[in-house]
Amino acid sequence: KKTVTDIVRKHPWISGWTLGNETLSSNPISVWAAGGSRKRGFENLAKFHKALCEAIKAGNPKANIHSDEPSNMSPERGIKDLGEELAALNRIGGPKLDYVGIHPYRATPESPDLDADTKTFLEMLKKNGYDNTPISWSEGMHYAPYNIPQWNIRSACWVNDTWTYGALSYDMGWTEKISAAWRARSWLVALKYQDRVKAFMSGAQLNNFEIDVELTPFATQKISNTLSNLLGDAYFKDDIRFAPYVRCYIFEDEKKRPVAAVWCYHPQLDAGKMAAPVAAVKLGDKVEGVFDLMQAECVYKPDSKGVFEFPVTSFPVFFRGKPGTLNDFVKAFGDASMVSGDGIAPVAIIANPVSPSKAVLKARNFLSRPLSGEIRMPNGVSAKLNVPGSGIGQTGLKMPVELCYDKLLPENLQLDLVTAKSTFAWDAGFSGMLCKKTDKTFKLDCDLSQWKGIPAINITNPIYRDKTTKITPKDFSAWFKVAWNPKGLNILVKVTDDNFFHEKMKKDVNRWNNDCLQIYVDSQAEARWRQQKNYGDSEYDYIIYPAPDGTSSMTFRFRQPDPQLSGLATTAPQNNAPAPEIPSVFKKTSDGYIYQVFIPAKYLLPARMEKGYVFGFALVVNDRERGDAKRKSSLVTTPPGVEAYNNPKQWPVLLLWD
């Protein structure tokens, strides 16, 4: 405290001090707990923060004190952790903080949904007595202007140096455009909650606020100017969602003119792979001007009935009304409709088990209007479902088949959502299994005897990579066992293979074309909620490479969740690199070989190793014969012939149980 007080006193011009930046990421709560409970960890951290607050005020009584800023604004991680931290500070009689902060990093502004997470964040703050405290988002929006696969550069990515590349070209490419749109859509959320959010800064400013030698600005520099000019003196009034994947925020400026910002966030549209849907809104002569994201004025020509049709793109378009027409704008956009648009359904539905016999079905409403109906299944099971506008509703269902420990079972959940006006068909089915808890610490020695009591599950679904290949159990078969405890996940895979072969190649990333084991984890079991089938921000892709002589193995990490989502932040290990922190062993047997691996809980985050938690889990056992150029067949836990790679929607779910 004395050291902190001295530092603060020597810097009186600094008006605000923070209690830490991503402290829980760099120092997990288990460290603060010193081997004790999670609650104890937060109380120790609260004592530390209370001491910091007292020291800061002693050095400068007028200074503002900011909360620690967790590394990710997700309900499961950052919001929950900050809530427990504030609750612990309240319990020990700590001072009320002047600002609260968190880092709302995400793949796009709507994935996961920044607006929905902000509501959850505000609810958490209110619960802890911070319902009027200003908010600072000092990091976020890591949207860079380039996607260059040859350089391993992705726009929304923290790994490598993707966010430090400066101006490379005088031409505006798609990624520069869409990254500017993502930043605009993020700032629009901040403007919606401007009564609380006082700052929202980009975590990728290094490559977005430079200019090239021709003094050409990036698109993202212009969009901040557009938002300032059109909404700099405006206040949020309404959130209208008249169609799936469409947002319409309505503001009113100081001249009493409504300004409606409208955009579509369909992932295929953001990727440039689908045509923009077309909307129709009846605004008549109430419009003063329509502007695009570069603030260029667009032509506004309604038909004889006052209806105006326009494409709803990834790039927000702004309708500014005449003074005093706010109510007209709210009604017009509330009654707006889609004229065209493929692949846009009003709800998305996902089901996950919460016990061996029951599942929770969640429905996400893409409309601002509430949706009520009944879930009906072919076997006669039904349940009422109410989904708030722009929100999530849920209901419980008995599953057709009870999950067990020794089989991977399909749950057929073909269902209809029947409302007063329409019926929506949906496939919420999945394959699942139970994972047994054990207090045993498994030795990494591939000794099958220590796995007694842990049921085995056969891996029977083949992928033939050569049309002439045929698999027989004697040539190639496999089963696996899996067990969990709070420390992590234990996996054993026994393979029958008449010919072990693994060739070490020049690049480790190509070694999957050998005898090897691939392990996939969807840490939040939410991939089936996505429109696209490919990886999102929450998946792990691990692989176990045996040594060519079969005496050892190494774990290799192809990818992990966004480090801000996992909470590891800058401490996250590299992708496309060996993972010595995940121990594995390999042992040849008389009829094949055995893999054994332990994945520490830290490298499964944000998944939580606790009873009732469910995550996606898939295995692939590859087989290559000596003399062949590459693997010829695989056994998978996904459906027959279905690849697990980059396809988390098809991964089974693993329910942690007793």
# chains A, B, ... in the order shown; residues from 1 in each chain; ligands from 1
call {"tool": "select_by_dssp", "arguments": {"residues": "stretch 187-387 of chain A", "states": "strand (DSSP E)", "output": "ChimeraX atom specification"}}
result
/A:197-200,235-240,246-252,258-264,278-282,287-291,297-298,307-311,317-321,337-340,347-353,358-365,371-376,382-387
call {"tool": "residues_around", "arguments": {"residues": "A:Asn229", "least_positions_apart": "6", "cutoff": "12 Å", "atoms": "only C-alpha atoms", "output": "list in words"}}
result
Lys222, Ile223, Asp253, Val259, Phe291, Leu293, Met294, Gln295, Ala296, Phe318 and Arg320 of chain A
call {"tool": "closest_residue", "arguments": {"among": "A:Asn72, A:Asn44, A:Asn27, A:Asn499", "to": "A:Pro563", "atoms": "only C-alpha atoms"}}
result
A:Asn72
call {"tool": "residues_around", "arguments": {"residues": "stretch 175-187 of chain A", "least_positions_apart": "4", "cutoff": "7 Å", "atoms": "only C-alpha atoms", "output": "ChimeraX atom specification"}}
result
/A:108-109,141,143-147,191,219-220,223,270,314-315
call {"tool": "write_last_selection", "arguments": {"atoms": "N, CA and C atoms", "output": "PDB file, in the first residue's frame"}}
result
ATOM      1  N   THR A 108     -17.104 -11.400 -34.568  1.00  0.00           N
ATOM      2  CA  THR A 108     -17.809 -10.297 -35.218  1.00  0.00           C
ATOM      3  C   THR A 108     -18.701  -9.671 -34.148  1.00  0.00           C
ATOM      4  N   PRO A 109     -19.251  -8.491 -34.385  1.00  0.00           N
ATOM      5  CA  PRO A 109     -20.077  -7.857 -33.347  1.00  0.00           C
ATOM      6  C   PRO A 109     -21.293  -8.676 -32.937  1.00  0.00           C
ATOM      7  N   MET A 141     -12.666  -5.121 -30.515  1.00  0.00           N
ATOM      8  CA  MET A 141     -12.694  -4.910 -31.970  1.00  0.00           C
ATOM      9  C   MET A 141     -11.340  -5.173 -32.621  1.00  0.00           C
ATOM     10  N   TYR A 143     -10.284  -6.103 -35.352  1.00  0.00           N
ATOM     11  CA  TYR A 143     -10.644  -6.323 -36.755  1.00  0.00           C
ATOM     12  C   TYR A 143      -9.608  -5.643 -37.643  1.00  0.00           C
ATOM     13  N   ALA A 144      -8.789  -6.456 -38.286  1.00  0.00           N
ATOM     14  CA  ALA A 144      -7.729  -5.937 -39.125  1.00  0.00           C
ATOM     15  C   ALA A 144      -8.161  -5.942 -40.597  1.00  0.00           C
ATOM     16  N   PRO A 145      -7.473  -5.183 -41.464  1.00  0.00           N
ATOM     17  CA  PRO A 145      -7.949  -5.007 -42.842  1.00  0.00           C
ATOM     18  C   PRO A 145      -7.498  -6.059 -43.834  1.00  0.00           C
ATOM     19  N   TYR A 146      -6.808  -7.127 -43.363  1.00  0.00           N
ATOM     20  CA  TYR A 146      -6.286  -8.092 -44.330  1.00  0.00           C
ATOM     21  C   TYR A 146      -6.604  -9.526 -43.937  1.00  0.00           C
ATOM     22  N   ASN A 147      -6.873 -10.359 -44.942  1.00  0.00           N
ATOM     23  CA  ASN A 147      -6.867 -11.814 -44.831  1.00  0.00           C
ATOM     24  C   ASN A 147      -5.887 -12.315 -45.884  1.00  0.00           C
ATOM     25  N   LEU A 191     -23.068   3.086 -28.867  1.00  0.00           N
ATOM     26  CA  LEU A 191     -23.923   4.271 -28.921  1.00  0.00           C
ATOM     27  C   LEU A 191     -25.328   3.960 -28.407  1.00  0.00           C
ATOM     28  N   ALA A 219     -10.581   2.421 -44.565  1.00  0.00           N
ATOM     29  CA  ALA A 219     -12.031   2.596 -44.487  1.00  0.00           C
ATOM     30  C   ALA A 219     -12.474   2.832 -43.055  1.00  0.00           C
ATOM     31  N   THR A 220     -11.817   2.168 -42.111  1.00  0.00           N
ATOM     32  CA  THR A 220     -12.234   2.286 -40.716  1.00  0.00           C
ATOM     33  C   THR A 220     -12.044   3.700 -40.168  1.00  0.00           C
ATOM     34  N   ILE A 223     -15.322   5.539 -41.294  1.00  0.00           N
ATOM     35  CA  ILE A 223     -16.599   5.180 -40.675  1.00  0.00           C
ATOM     36  C   ILE A 223     -16.771   5.831 -39.306  1.00  0.00           C
ATOM     37  N   ASP A 270     -21.553 -11.556 -44.620  1.00  0.00           N
ATOM     38  CA  ASP A 270     -20.278 -10.970 -44.200  1.00  0.00           C
ATOM     39  C   ASP A 270     -19.107 -11.571 -44.968  1.00  0.00           C
ATOM     40  N   SER A 314     -24.122  -5.871 -45.193  1.00  0.00           N
ATOM     41  CA  SER A 314     -23.290  -5.943 -43.988  1.00  0.00           C
ATOM     42  C   SER A 314     -22.881  -4.566 -43.498  1.00  0.00           C
ATOM     43  N   PHE A 315     -23.038  -3.567 -44.362  1.00  0.00           N
ATOM     44  CA  PHE A 315     -22.574  -2.217 -44.065  1.00  0.00           C
ATOM     45  C   PHE A 315     -23.767  -1.348 -43.677  1.00  0.00           C
TER      46      PHE A 315
END
call {"tool": "residues_around", "arguments": {"residues": "A:Gly612", "least_positions_apart": "6", "cutoff": "12 Å", "atoms": "only C-alpha atoms", "output": "count of residues only"}}
result
19
call {"tool": "atom_distance", "arguments": {"atom1": "atom CA of A:Ala260", "atom2": "atom CA of A:Pro134"}}
result
25.4 Å
call {"tool": "closest_residue", "arguments": {"among": "A:Gln394, A:Asn485, A:Ser372, A:Gln564", "to": "A:Ser71", "atoms": "only C-alpha atoms"}}
result
A:Gln564
call {"tool": "select_by_dssp", "arguments": {"residues": "stretch 3-44 of chain A", "states": "alpha helix (DSSP H)", "output": "PyMOL selection string"}}
result
chain A and resi 3-9+23-26+29-33+38-44
call {"tool": "residues_around", "arguments": {"residues": "A:Ile543", "least_positions_apart": "2", "cutoff": "7 Å", "atoms": "only C-alpha atoms", "output": "ChimeraX atom specification"}}
result
/A:517-519,541,545,555-557
call {"tool": "write_last_selection", "arguments": {"atoms": "C-alpha atoms", "output": "mmCIF file, in the first residue's frame"}}
result
data_model
loop_
_atom_site.group_PDB
_atom_site.id
_atom_site.type_symbol
_atom_site.label_atom_id
_atom_site.label_comp_id
_atom_site.auth_asym_id
_atom_site.auth_seq_id
_atom_site.Cartn_x
_atom_site.Cartn_y
_atom_site.Cartn_z
ATOM 1 C CA LEU A 517 -5.089 -39.522 -33.360
ATOM 2 C CA GLN A 518 -7.067 -36.294 -33.746
ATOM 3 C CA ILE A 519 -9.045 -34.803 -30.837
ATOM 4 C CA ASP A 541 -8.168 -28.978 -32.646
ATOM 5 C CA TYR A 545 1.652 -37.789 -33.382
ATOM 6 C CA THR A 555 0.729 -33.445 -28.837
ATOM 7 C CA PHE A 556 0.279 -30.792 -31.506
ATOM 8 C CA ARG A 557 -2.190 -27.897 -31.318
#
call {"tool": "atom_distance", "arguments": {"atom1": "atom CA of A:Gln221", "atom2": "atom CA of A:His142"}}
result
14.5 Å
call {"tool": "atom_distance", "arguments": {"atom1": "atom CA of A:Pro370", "atom2": "atom CA of A:Ser74"}}
result
23.9 Å
call {"tool": "closest_residue", "arguments": {"among": "A:Ala63, A:Met201, A:Ala363, A:Leu385", "to": "A:His103", "atoms": "only C-alpha atoms"}}
result
A:Met201
call {"tool": "closest_atom_pairs", "arguments": {"of": "stretch 235-258 of chain A", "to": "stretch 325-333 of chain A", "cutoff": "9 Å", "atoms": "only C-alpha atoms", "output": "CSV"}}
result
residue,atom,partner,partner_atom,distance
A:Lys237,CA,A:Leu326,CA,8.7
A:Asp238,CA,A:Val330,CA,7.3
A:Asp239,CA,A:Val330,CA,9.0
A:Ile240,CA,A:Phe333,CA,6.9
A:Arg241,CA,A:Phe333,CA,8.4
A:Phe242,CA,A:Phe333,CA,7.0
A:Cys248,CA,A:Phe333,CA,7.8
A:Ile250,CA,A:Val330,CA,7.4
A:Phe251,CA,A:Leu326,CA,8.4
A:Glu252,CA,A:Leu326,CA,7.1
A:Lys256,CA,A:Leu326,CA,7.7
A:Arg257,CA,A:Thr325,CA,6.8
A:Pro258,CA,A:Leu326,CA,5.1
call {"tool": "closest_residue", "arguments": {"among": "A:Phe319, A:Val312, A:Pro12, A:Ser224", "to": "A:Met338", "atoms": "only C-alpha atoms"}}
result
A:Val312
call {"tool": "closest_residue", "arguments": {"among": "A:Asn576, A:Ser368, A:Ser566, A:Asn461", "to": "A:Glu22", "atoms": "only C-alpha atoms"}}
result
A:Ser566
call {"tool": "closest_residue", "arguments": {"among": "A:Asp131, A:Glu411, A:Glu214, A:Glu643", "to": "A:Lys398", "atoms": "only C-alpha atoms"}}
result
A:Glu411
call {"tool": "residues_around", "arguments": {"residues": "A:Ala348", "least_positions_apart": "3", "cutoff": "7 Å", "atoms": "only C-alpha atoms", "output": "list in words"}}
result
Ala363, Arg364, Asn365 and Trp529 of chain A
